[in-house]
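Reproduced below: work_27.cif, with mmCIF, C-alpha atoms.
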```
data_upload
loop_
_atom_site.group_PDB
_atom_site.id
_atom_site.type_symbol
_atom_site.label_atom_id
_atom_site.label_comp_id
_atom_site.auth_asym_id
_atom_site.auth_seq_id
_atom_site.Cartn_x
_atom_site.Cartn_y
_atom_site.Cartn_z
ATOM 1 C CA MET O 1 182.087 -42.874 212.714
ATOM 2 C CA LYS O 2 181.903 -39.255 213.898
ATOM 3 C CA ASN O 3 181.882 -38.050 210.280
ATOM 4 C CA SER O 4 179.011 -40.407 209.479
ATOM 5 C CA VAL O 5 176.974 -39.103 212.420
ATOM 6 C CA PHE O 6 177.711 -35.500 211.437
ATOM 7 C CA VAL O 7 176.626 -36.120 207.862
ATOM 8 C CA ALA O 8 173.424 -37.844 209.032
ATOM 9 C CA VAL O 9 172.535 -34.987 211.395
ATOM 10 C CA LEU O 10 173.290 -32.417 208.690
ATOM 11 C CA PHE O 11 171.070 -34.310 206.237
ATOM 12 C CA ILE O 12 168.173 -34.329 208.739
ATOM 13 C CA ILE O 13 168.552 -30.592 209.403
ATOM 14 C CA LEU O 14 168.636 -29.787 205.694
ATOM 15 C CA SER O 15 165.619 -32.006 205.058
ATOM 16 C CA LEU O 16 163.601 -30.302 207.790
ATOM 17 C CA THR O 17 164.669 -26.873 206.578
ATOM 18 C CA LEU O 18 163.780 -27.576 202.958
ATOM 19 C CA SER O 19 160.504 -29.144 204.019
ATOM 20 C CA GLY O 20 159.687 -26.040 206.026
ATOM 21 C CA CYS O 21 160.562 -23.782 203.085
ATOM 22 C CA GLU O 22 158.344 -25.765 200.766
ATOM 23 C CA LYS O 23 155.431 -25.607 203.190
ATOM 24 C CA LYS O 24 155.910 -21.886 203.748
ATOM 25 C CA GLU O 25 156.094 -21.228 200.010
ATOM 26 C CA LYS O 26 152.894 -23.191 199.465
ATOM 27 C CA ASP O 27 151.084 -21.341 202.267
ATOM 28 C CA VAL O 28 151.898 -17.886 200.902
ATOM 29 C CA ARG O 29 151.526 -18.685 197.200
ATOM 30 C CA TYR O 30 149.908 -15.814 195.321
ATOM 31 C CA THR O 31 148.377 -16.548 191.947
ATOM 32 C CA GLY O 32 146.098 -13.538 191.479
ATOM 33 C CA SER O 33 143.320 -13.105 188.937
ATOM 34 C CA LYS O 34 143.563 -15.486 185.995
ATOM 35 C CA ALA O 35 142.077 -14.459 182.666
ATOM 36 C CA PHE O 36 139.126 -16.735 181.978
ATOM 37 C CA GLN O 37 139.003 -18.179 178.473
ATOM 38 C CA ASP O 38 135.969 -16.954 176.553
ATOM 39 C CA CYS O 39 134.705 -19.784 174.374
ATOM 40 C CA LYS O 40 131.904 -18.020 172.508
ATOM 41 C CA ALA O 41 131.735 -18.987 168.851
ATOM 42 C CA GLN O 42 130.258 -17.424 165.774
ATOM 43 C CA PRO O 43 126.880 -19.010 164.942
ATOM 44 C CA PRO O 44 127.066 -20.929 161.629
ATOM 45 C CA PHE O 45 123.845 -19.308 160.340
ATOM 46 C CA VAL O 46 125.518 -15.889 159.942
ATOM 47 C CA GLN O 47 127.674 -17.261 157.109
ATOM 48 C CA SER O 48 124.709 -17.024 154.749
ATOM 49 C CA ILE O 49 123.723 -13.434 155.585
ATOM 50 C CA GLY O 50 126.336 -11.820 153.335
ATOM 51 C CA PHE O 51 127.913 -9.498 155.931
ATOM 52 C CA ASP O 52 131.597 -8.796 156.449
ATOM 53 C CA LEU O 53 131.940 -10.880 159.603
ATOM 54 C CA ASN O 54 135.171 -9.159 160.624
ATOM 55 C CA ARG O 55 133.204 -6.002 161.414
ATOM 56 C CA SER O 56 129.866 -7.426 162.472
ATOM 57 C CA ALA O 57 128.355 -8.173 165.875
ATOM 58 C CA PHE O 58 125.103 -8.978 167.666
ATOM 59 C CA SER O 59 123.330 -6.175 169.504
ATOM 60 C CA THR O 60 120.268 -5.687 171.699
ATOM 61 C CA SER O 61 120.723 -1.940 172.127
ATOM 62 C CA GLU O 62 119.732 -0.565 168.720
ATOM 63 C CA LYS O 63 117.351 2.331 169.416
ATOM 64 C CA LYS O 64 115.093 1.706 166.429
ATOM 65 C CA SER O 65 115.272 -2.095 166.326
ATOM 66 C CA LYS O 66 113.369 -4.070 168.932
ATOM 67 C CA GLY O 67 114.794 -7.457 169.841
ATOM 68 C CA LEU O 68 118.095 -8.878 168.578
ATOM 69 C CA SER O 69 120.031 -7.353 165.668
ATOM 70 C CA PHE O 70 123.091 -8.420 163.701
ATOM 71 C CA ILE O 71 125.029 -5.291 162.749
ATOM 72 C CA GLN O 72 127.679 -4.712 160.107
ATOM 73 C CA PHE O 73 129.591 -1.618 161.190
ATOM 74 C CA PRO O 74 130.877 0.976 158.674
ATOM 75 C CA SER O 75 134.260 0.212 157.147
ATOM 76 C CA SER O 76 135.358 3.788 157.903
ATOM 77 C CA PRO O 77 133.957 6.864 159.704
ATOM 78 C CA THR O 78 132.728 8.291 156.401
ATOM 79 C CA ALA O 79 131.583 5.037 154.774
ATOM 80 C CA ASN O 80 127.921 4.307 154.174
ATOM 81 C CA ASP O 81 128.145 0.520 154.148
ATOM 82 C CA SER O 82 126.643 -0.395 157.510
ATOM 83 C CA LYS O 83 123.894 -3.035 157.528
ATOM 84 C CA LEU O 84 121.346 -4.508 159.944
ATOM 85 C CA TYR O 85 119.849 -7.989 159.829
ATOM 86 C CA GLN O 86 117.013 -9.448 161.899
ATOM 87 C CA HIS O 87 115.623 -12.956 161.672
ATOM 88 C CA PRO O 88 111.788 -12.882 161.605
ATOM 89 C CA SER O 89 111.715 -14.443 165.101
ATOM 90 C CA TRP O 90 113.990 -11.894 166.758
ATOM 91 C CA LYS O 91 111.317 -9.288 167.532
ATOM 92 C CA GLN O 92 108.639 -11.566 168.938
ATOM 93 C CA PHE O 93 109.743 -11.252 172.584
ATOM 94 C CA GLY O 94 110.019 -7.460 172.667
ATOM 95 C CA TRP O 95 113.050 -5.497 173.850
ATOM 96 C CA LEU O 96 116.042 -7.582 174.929
ATOM 97 C CA GLY O 97 118.999 -6.845 177.165
ATOM 98 C CA PRO O 98 121.460 -9.412 178.644
ATOM 99 C CA MET O 99 123.124 -11.773 176.158
ATOM 100 C CA ALA O 100 125.536 -14.725 176.333
ATOM 101 C CA ILE O 101 126.948 -16.971 173.593
ATOM 102 C CA ASP O 102 128.240 -20.536 174.012
ATOM 103 C CA GLU O 103 130.966 -22.554 172.264
ATOM 104 C CA LYS O 104 128.566 -23.715 169.545
ATOM 105 C CA GLY O 105 127.270 -20.250 168.728
ATOM 106 C CA ASN O 106 123.926 -20.594 170.496
ATOM 107 C CA ILE O 107 122.785 -17.226 171.844
ATOM 108 C CA TYR O 108 120.993 -16.845 175.178
ATOM 109 C CA LEU O 109 119.020 -13.656 175.814
ATOM 110 C CA ALA O 110 116.727 -12.106 178.388
ATOM 111 C CA PRO O 111 114.099 -9.364 178.020
ATOM 112 C CA ILE O 112 114.246 -5.927 179.559
ATOM 113 C CA PRO O 113 111.490 -3.312 179.913
ATOM 114 C CA VAL O 114 112.164 -0.092 178.000
ATOM 115 C CA VAL O 115 110.138 3.038 178.816
ATOM 116 C CA ASN O 116 107.057 0.843 179.413
ATOM 117 C CA VAL O 117 106.053 -2.813 179.629
ATOM 118 C CA LEU O 118 103.784 -2.951 176.581
ATOM 119 C CA ASP O 119 106.269 -5.134 174.670
ATOM 120 C CA ASN O 120 107.575 -6.903 177.779
ATOM 121 C CA PRO O 121 104.812 -7.822 180.274
ATOM 122 C CA PHE O 122 105.842 -8.431 183.886
ATOM 123 C CA LYS O 123 105.575 -12.223 183.631
ATOM 124 C CA LYS O 124 107.940 -12.257 180.629
ATOM 125 C CA GLN O 125 110.803 -10.611 182.545
ATOM 126 C CA VAL O 126 112.038 -13.916 184.007
ATOM 127 C CA GLU O 127 112.191 -15.791 180.697
ATOM 128 C CA ILE O 128 115.390 -16.781 178.873
ATOM 129 C CA TYR O 129 115.368 -17.130 175.090
ATOM 130 C CA LYS O 130 117.722 -19.052 172.819
ATOM 131 C CA VAL O 131 118.771 -18.427 169.231
ATOM 132 C CA ASN O 132 119.639 -21.712 167.530
ATOM 133 C CA ALA O 133 123.207 -21.556 166.192
ATOM 134 C CA GLN O 134 122.301 -23.456 163.021
ATOM 135 C CA THR O 135 118.965 -21.934 162.025
ATOM 136 C CA GLY O 136 118.940 -18.517 163.700
ATOM 137 C CA GLU O 137 115.475 -19.212 165.105
ATOM 138 C CA MET O 138 114.718 -17.655 168.506
ATOM 139 C CA SER O 139 112.447 -19.469 170.960
ATOM 140 C CA LEU O 140 111.646 -19.653 174.662
ATOM 141 C CA TYR O 141 114.380 -21.643 176.406
ATOM 142 C CA TYR O 142 113.808 -21.485 180.163
ATOM 143 C CA ARG O 143 111.747 -19.626 182.752
ATOM 144 C CA LEU O 144 113.335 -18.869 186.107
ATOM 145 C CA PRO O 145 111.421 -20.446 189.023
ATOM 146 C CA VAL O 146 111.102 -17.147 190.909
ATOM 147 C CA GLU O 147 109.223 -16.853 194.184
ATOM 148 C CA LYS O 148 107.889 -13.370 193.414
ATOM 149 C CA GLU O 149 106.982 -12.052 189.974
ATOM 150 C CA PRO O 150 107.933 -8.600 188.646
ATOM 151 C CA HIS O 151 105.267 -5.976 189.373
ATOM 152 C CA GLU O 152 104.384 -2.318 188.828
ATOM 153 C CA ARG O 153 106.798 -1.121 191.550
ATOM 154 C CA ASN O 154 109.647 -3.100 189.986
ATOM 155 C CA PRO O 155 109.143 -4.243 186.387
ATOM 156 C CA TYR O 156 112.602 -5.823 186.130
ATOM 157 C CA GLY O 157 113.442 -9.517 186.183
ATOM 158 C CA ILE O 158 116.661 -10.896 184.658
ATOM 159 C CA LEU O 159 119.448 -8.309 184.562
ATOM 160 C CA GLY O 160 122.557 -10.378 183.865
ATOM 161 C CA LEU O 161 123.707 -13.479 181.957
ATOM 162 C CA VAL O 162 127.077 -15.187 181.654
ATOM 163 C CA TYR O 163 128.057 -18.563 180.208
ATOM 164 C CA ASP O 164 130.674 -20.753 181.932
ATOM 165 C CA CYS O 165 132.577 -22.529 179.159
ATOM 166 C CA GLU O 166 134.111 -25.205 181.381
ATOM 167 C CA THR O 167 130.824 -26.537 182.737
ATOM 168 C CA SER O 168 128.306 -25.532 180.036
ATOM 169 C CA ILE O 169 126.372 -23.678 182.712
ATOM 170 C CA LEU O 170 124.421 -20.459 182.223
ATOM 171 C CA ILE O 171 124.337 -18.033 185.158
ATOM 172 C CA ALA O 172 121.412 -15.606 185.419
ATOM 173 C CA THR O 173 120.826 -12.781 187.900
ATOM 174 C CA SER O 174 117.329 -11.571 188.750
ATOM 175 C CA VAL O 175 115.702 -8.853 190.873
ATOM 176 C CA SER O 176 112.206 -10.216 190.296
ATOM 177 C CA GLY O 177 109.735 -9.268 193.029
ATOM 178 C CA SER O 178 112.126 -6.935 194.844
ATOM 179 C CA GLU O 179 111.203 -3.458 196.016
ATOM 180 C CA ARG O 180 113.232 -0.504 197.245
ATOM 181 C CA ASP O 181 113.281 -1.860 200.793
ATOM 182 C CA THR O 182 112.833 -5.588 200.105
ATOM 183 C CA VAL O 183 115.313 -8.028 198.537
ATOM 184 C CA SER O 184 113.676 -10.912 196.672
ATOM 185 C CA GLY O 185 116.113 -11.549 193.824
ATOM 186 C CA GLY O 186 118.622 -14.329 193.277
ATOM 187 C CA ILE O 187 121.405 -15.811 191.150
ATOM 188 C CA TYR O 188 120.578 -18.977 189.206
ATOM 189 C CA SER O 189 122.859 -21.748 187.927
ATOM 190 C CA ILE O 190 121.315 -23.455 184.885
ATOM 191 C CA SER O 191 122.645 -26.514 183.062
ATOM 192 C CA THR O 192 122.505 -26.213 179.255
ATOM 193 C CA LYS O 193 123.297 -29.888 178.623
ATOM 194 C CA GLY O 194 120.142 -31.376 177.156
ATOM 195 C CA THR O 195 116.973 -30.025 178.734
ATOM 196 C CA PRO O 196 117.781 -26.890 180.780
ATOM 197 C CA ALA O 197 117.760 -27.614 184.522
ATOM 198 C CA LEU O 198 118.300 -25.543 187.644
ATOM 199 C CA LEU O 199 121.415 -26.666 189.513
ATOM 200 C CA ASP O 200 121.526 -24.118 192.322
ATOM 201 C CA LYS O 201 120.236 -20.736 193.457
ATOM 202 C CA LEU O 202 121.804 -18.034 195.606
ATOM 203 C CA GLU O 203 118.827 -16.500 197.394
ATOM 204 C CA GLN O 204 118.087 -13.019 198.716
ATOM 205 C CA VAL O 205 120.478 -11.311 196.309
ATOM 206 C CA ASP O 206 119.587 -8.375 194.051
ATOM 207 C CA ALA O 207 122.265 -8.560 191.372
ATOM 208 C CA MET O 208 122.752 -7.055 187.928
ATOM 209 C CA GLY O 209 126.045 -7.633 186.101
ATOM 210 C CA VAL O 210 127.636 -11.071 186.472
ATOM 211 C CA GLY O 211 130.983 -12.584 185.490
ATOM 212 C CA VAL O 212 133.082 -15.700 186.079
ATOM 213 C CA ASN O 213 136.816 -15.810 186.741
ATOM 214 C CA TYR O 214 139.584 -17.628 188.592
ATOM 215 C CA LEU O 215 140.966 -15.882 191.668
ATOM 216 C CA ASN O 216 143.877 -17.510 193.476
ATOM 217 C CA GLU O 217 143.137 -20.779 191.658
ATOM 218 C CA GLU O 218 139.499 -20.762 192.754
ATOM 219 C CA LYS O 219 136.658 -20.319 190.281
ATOM 220 C CA ARG O 220 134.298 -17.598 191.477
ATOM 221 C CA ILE O 221 131.114 -15.938 190.292
ATOM 222 C CA PHE O 222 131.231 -12.125 190.525
ATOM 223 C CA TRP O 223 128.145 -9.910 190.556
ATOM 224 C CA GLY O 224 127.122 -6.304 191.098
ATOM 225 C CA ASP O 225 124.707 -5.274 193.854
ATOM 226 C CA VAL O 226 121.954 -3.042 192.441
ATOM 227 C CA ARG O 227 121.466 -1.263 195.772
ATOM 228 C CA ASN O 228 124.924 -0.054 196.795
ATOM 229 C CA GLY O 229 127.216 -0.633 193.803
ATOM 230 C CA ASP O 230 129.294 -3.293 195.575
ATOM 231 C CA ILE O 231 130.870 -6.131 193.604
ATOM 232 C CA LEU O 232 130.735 -9.453 195.424
ATOM 233 C CA SER O 233 131.796 -13.008 194.659
ATOM 234 C CA VAL O 234 131.269 -16.592 195.748
ATOM 235 C CA GLU O 235 133.026 -19.856 194.924
ATOM 236 C CA PHE O 236 131.498 -21.804 192.013
ATOM 237 C CA THR O 237 131.984 -25.580 191.875
ATOM 238 C CA LYS O 238 132.267 -27.813 188.820
ATOM 239 C CA GLU O 239 128.833 -29.200 189.709
ATOM 240 C CA GLY O 240 127.330 -25.744 189.303
ATOM 241 C CA LYS O 241 126.892 -25.049 193.027
ATOM 242 C CA PHE O 242 127.524 -21.818 194.917
ATOM 243 C CA GLU O 243 129.923 -22.690 197.726
ATOM 244 C CA GLY O 244 130.531 -20.775 200.959
ATOM 245 C CA ASN O 245 129.517 -17.242 201.886
ATOM 246 C CA PRO O 246 129.615 -14.308 199.446
ATOM 247 C CA ARG O 247 132.315 -11.728 200.060
ATOM 248 C CA LYS O 248 132.765 -8.132 198.971
ATOM 249 C CA GLU O 249 135.539 -7.595 196.412
ATOM 250 C CA CYS O 250 135.286 -3.863 195.641
ATOM 251 C CA THR O 251 132.696 -1.156 194.965
ATOM 252 C CA LEU O 252 131.615 1.554 192.527
ATOM 253 C CA ALA O 253 130.338 3.734 195.375
ATOM 254 C CA ASP O 254 131.693 7.312 195.159
ATOM 255 C CA LEU O 255 133.463 6.576 191.864
ATOM 256 C CA GLY O 256 132.877 8.249 188.502
ATOM 257 C CA GLN O 257 130.893 11.326 187.582
ATOM 258 C CA ARG O 258 127.690 10.244 189.331
ATOM 259 C CA GLY O 259 129.129 8.470 192.366
ATOM 260 C CA ASP O 260 126.234 6.010 192.653
ATOM 261 C CA ASP O 261 126.587 3.776 189.579
ATOM 262 C CA LYS O 262 125.556 0.132 189.744
ATOM 263 C CA PRO O 263 127.531 -2.656 187.970
ATOM 264 C CA ARG O 264 125.582 -3.469 184.787
ATOM 265 C CA LYS O 265 128.215 -5.700 183.220
ATOM 266 C CA ILE O 266 131.310 -7.466 184.626
ATOM 267 C CA ARG O 267 134.033 -8.922 182.420
ATOM 268 C CA PHE O 268 137.725 -9.819 182.808
ATOM 269 C CA ASN O 269 140.382 -8.941 180.221
ATOM 270 C CA LYS O 270 143.402 -11.016 179.160
ATOM 271 C CA ASP O 271 145.490 -9.580 182.012
ATOM 272 C CA GLY O 272 142.943 -10.622 184.633
ATOM 273 C CA ASP O 273 141.747 -7.051 185.241
ATOM 274 C CA MET O 274 138.083 -6.659 186.071
ATOM 275 C CA VAL O 275 136.221 -4.238 183.785
ATOM 276 C CA VAL O 276 132.858 -3.069 185.112
ATOM 277 C CA MET O 277 130.288 -1.104 183.145
ATOM 278 C CA GLY O 278 128.435 1.167 185.561
ATOM 279 C CA VAL O 279 124.986 2.712 185.051
ATOM 280 C CA GLU O 280 122.340 4.495 187.083
ATOM 281 C CA PHE O 281 119.706 2.094 188.450
ATOM 282 C CA ASN O 282 116.807 2.803 190.802
ATOM 283 C CA PHE O 283 114.242 0.133 189.851
ATOM 284 C CA ASN O 284 112.445 2.640 187.598
ATOM 285 C CA LEU O 285 112.160 2.733 183.831
ATOM 286 C CA ILE O 286 114.621 4.998 182.044
ATOM 287 C CA ALA O 287 114.749 5.467 178.295
ATOM 288 C CA PRO O 288 117.928 3.996 176.707
ATOM 289 C CA THR O 289 118.927 7.424 175.397
ATOM 290 C CA GLU O 290 119.044 8.707 178.977
ATOM 291 C CA LYS O 291 121.298 5.978 180.299
ATOM 292 C CA GLN O 292 124.952 6.921 180.581
ATOM 293 C CA GLU O 293 127.382 4.042 180.913
ATOM 294 C CA THR O 294 130.837 4.374 182.424
ATOM 295 C CA PRO O 295 133.629 1.749 182.327
ATOM 296 C CA TYR O 296 135.602 1.164 185.533
ATOM 297 C CA SER O 297 138.729 -0.980 185.834
ATOM 298 C CA PHE O 298 140.063 -2.863 188.844
ATOM 299 C CA ARG O 299 143.338 -4.796 189.233
ATOM 300 C CA TYR O 300 143.989 -7.532 191.755
ATOM 301 C CA ASP O 301 146.953 -6.919 194.084
ATOM 302 C CA ILE O 302 148.495 -10.340 194.751
ATOM 303 C CA PHE O 303 150.351 -9.131 197.847
ATOM 304 C CA GLU O 304 147.516 -7.230 199.493
ATOM 305 C CA ARG O 305 145.041 -9.788 198.185
ATOM 306 C CA LYS O 306 142.494 -7.188 197.187
ATOM 307 C CA TRP O 307 141.201 -5.344 194.128
ATOM 308 C CA SER O 308 142.496 -1.819 193.480
ATOM 309 C CA PHE O 309 140.667 0.770 191.417
ATOM 310 C CA ILE O 310 142.684 1.669 188.315
ATOM 311 C CA ALA O 311 140.636 4.241 186.441
ATOM 312 C CA ASP O 312 137.267 5.564 185.420
ATOM 313 C CA LYS O 313 137.984 5.444 181.680
ATOM 314 C CA SER O 314 135.435 8.132 180.915
ATOM 315 C CA PHE O 315 137.967 10.628 182.241
ATOM 316 C CA LEU O 316 140.880 9.428 180.049
#
```

Here is the file; what I need is its structure written in the form of structure tokens.
Amino acid sequence: MKNSVFVAVLFIILSLTLSGCEKKEKDVRYTGSKAFQDCKAQPPFVQSIGFDLNRSAFSTSEKKSKGLSFIQFPSSPTANDSKLYQHPSWKQFGWLGPMAIDEKGNIYLAPIPVVNVLDNPFKKQVEIYKVNAQTGEMSLYYRLPVEKEPHERNPYGILGLVYDCETSILIATSVSGSERDTVSGGIYSISTKGTPALLDKLEQVDAMGVGVNYLNEEKRIFWGDVRNGDILSVEFTKEGKFEGNPRKECTLADLGQRGDDKPRKIRFNKDGDMVVMGVEFNFNLIAPTEKQETPYSFRYDIFERKWSFIADKSFL
């Protein structure tokens, strides 16, 4: 009888101990930054262009080509076999900047003023265009419902685009209507299923670069503040809603050669590291040839639960 009681008590103690261990392990579980699967696909229409697709890419930064370009890069440093293709519709909306591609090969683009606004009037800066994956035709897709339009003191509108593969949602950042001492921008969640529709908006945010990633098993939208170089994030639900309060993740302040870069582009590599392209930005027009871009890398520390600066790769 005594042995039976002893065994029963021992079993209860072990059960409680194991239960406590399991709870403790769950409470302190660290998963870190998970590489987000990029689903972008090659548009079917490029098959008929006659380019070597293994060394070709879309670009909106060609100095002598307004709009979207499809570039075949040289096969070697000394080769003279580069090519450039533009569909007749790709120049109609002026200079373009941010770009995102979905799983079908549809391309989403936004305009950007370059040197002046002759090709990109203020009212056009909050428009999103779409290149049909099958035909290559570019057309107006969606206009952000901004409260304040771009103006002569700030000609910029949309500065960042990213496509969330899991929800078929396009995220756009805008600084439309903002001034040096006034924040009027926002981050927009747009459904691309059927007719484009606004799902949510994060207000009073002046953001440029934007990215999506999992952090500790929670999907979050990351963006760069155009005023101080901070990189912030907020939870992003499967319904396309911004959940909770934004939090600061890291910053570009005092980093790099200039020390005041702003995050133009945010992406995550296969290891979960955050790669940020930093540029100078002061709400004024700067010629593309004058813009210097610097890549910065950050790694998430699962024990400290924070991002650590790895390197300014311009110095390597």

Give as a PyMOL selection string each residue that has an atom at most 8 Å from (119.2, -14.5, 185.8) in the file, counting all atoms listed in the file. chain O and resi 126+144+157-161+171-174+186-188

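If all atoms listed in the file are the atoms counted, then among O:Tyr129, O:Lys64, O:Pro113, O:Arg220 the closest residue to O:Lys238 is O:Arg220.
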
Any chance you could work out the residue set of the PyMOL selection byres ((chain O and resi 241) around 8) here, as a ChimeraX atom specification? /O:189,199-201,236-240,242-243

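Residues of protein, DNA or RNA having at least one counted atom within 10 Å of (116.9, -18.1, 164.8), given all atoms listed in the file, are Phe45, Gln86, His87, Pro88, Ser89, Trp90, Asn106, Ile107, Lys130, Val131, Asn132, Ala133, Gln134, Thr135, Gly136, Glu137, Met138 and Ser139 of chain O.
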
Which value, in Å to one decimal, gives the distance between atom CA of O:Tyr85 and atom CA of O:Gly67? 11.2 Å

Residues returned when the PyMOL selection byres ((chain O and resi 81) around 12) runs on this file, as a PyMOL selection string: chain O and resi 51-52+55-56+71-80+82-84

If you keep C-alpha atoms, can you produce a file of those selected residues as a PDB file, in the coordinates of the input?
```pdb
ATOM      1  CA  PHE O  51     127.913  -9.498 155.931  1.00  0.00           C
ATOM      2  CA  ASP O  52     131.597  -8.796 156.449  1.00  0.00           C
ATOM      3  CA  ARG O  55     133.204  -6.002 161.414  1.00  0.00           C
ATOM      4  CA  SER O  56     129.866  -7.426 162.472  1.00  0.00           C
ATOM      5  CA  ILE O  71     125.029  -5.291 162.749  1.00  0.00           C
ATOM      6  CA  GLN O  72     127.679  -4.712 160.107  1.00  0.00           C
ATOM      7  CA  PHE O  73     129.591  -1.618 161.190  1.00  0.00           C
ATOM      8  CA  PRO O  74     130.877   0.976 158.674  1.00  0.00           C
ATOM      9  CA  SER O  75     134.260   0.212 157.147  1.00  0.00           C
ATOM     10  CA  SER O  76     135.358   3.788 157.903  1.00  0.00           C
ATOM     11  CA  PRO O  77     133.957   6.864 159.704  1.00  0.00           C
ATOM     12  CA  THR O  78     132.728   8.291 156.401  1.00  0.00           C
ATOM     13  CA  ALA O  79     131.583   5.037 154.774  1.00  0.00           C
ATOM     14  CA  ASN O  80     127.921   4.307 154.174  1.00  0.00           C
ATOM     15  CA  SER O  82     126.643  -0.395 157.510  1.00  0.00           C
ATOM     16  CA  LYS O  83     123.894  -3.035 157.528  1.00  0.00           C
ATOM     17  CA  LEU O  84     121.346  -4.508 159.944  1.00  0.00           C
TER      18      LEU O  84
END
```

Quick one, how far is atom CA of O:Gly211 from atom CA of O:Ile266?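 Separation of atom CA of O:Gly211 and atom CA of O:Ile266: 5.2 Å.
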
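Across the structure, atom CA of O:Glu62 and atom CA of O:Pro111 are spaced 14.0 Å apart.
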
Selection result of the PyMOL selection byres ((chain O and resi 98) around 9) on this file, as a PyMOL selection string: chain O and resi 60+96-97+99-100+108-112+158-162+209+265

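Nearest residue to O:Ile231 among O:Ser59, O:Ser184, O:Asn245, O:Thr251 is O:Thr251, counting all atoms listed in the file.
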
Using all atoms listed in the file, which of the listed residues (O:Val46, O:Leu118, O:Ala57, O:Met277) sits closest to O:Phe70?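 Using all atoms listed in the file, the shortest distance to O:Phe70 belongs to O:Ala57.
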
Name the closest residue to O:Arg258 among the candidates O:Phe281, O:Asp119, O:Asn54, O:Gly272; distances are taken between atoms, counting only C-alpha atoms.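 Looking at the shortest contact to O:Arg258, the residue is O:Phe281.
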
Please list as a ChimeraX atom specification every residue within 10 Å of O:Phe222, counting only C-alpha atoms and excluding residues in the same chain fewer than 6 positions away. /O:207,209-213,231-236,246-249,266-267,274

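Closest approach to O:Glu293 among O:Asn228, O:Glu280, O:Cys165, O:Gly177 is made by O:Glu280 (distances from all atoms listed in the file).
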
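Among O:Ser69, O:Thr195, O:Asn269, O:Gln257, the residue with the shortest atom-to-atom distance to O:Asp38, counting all atoms listed in the file, is O:Asn269.
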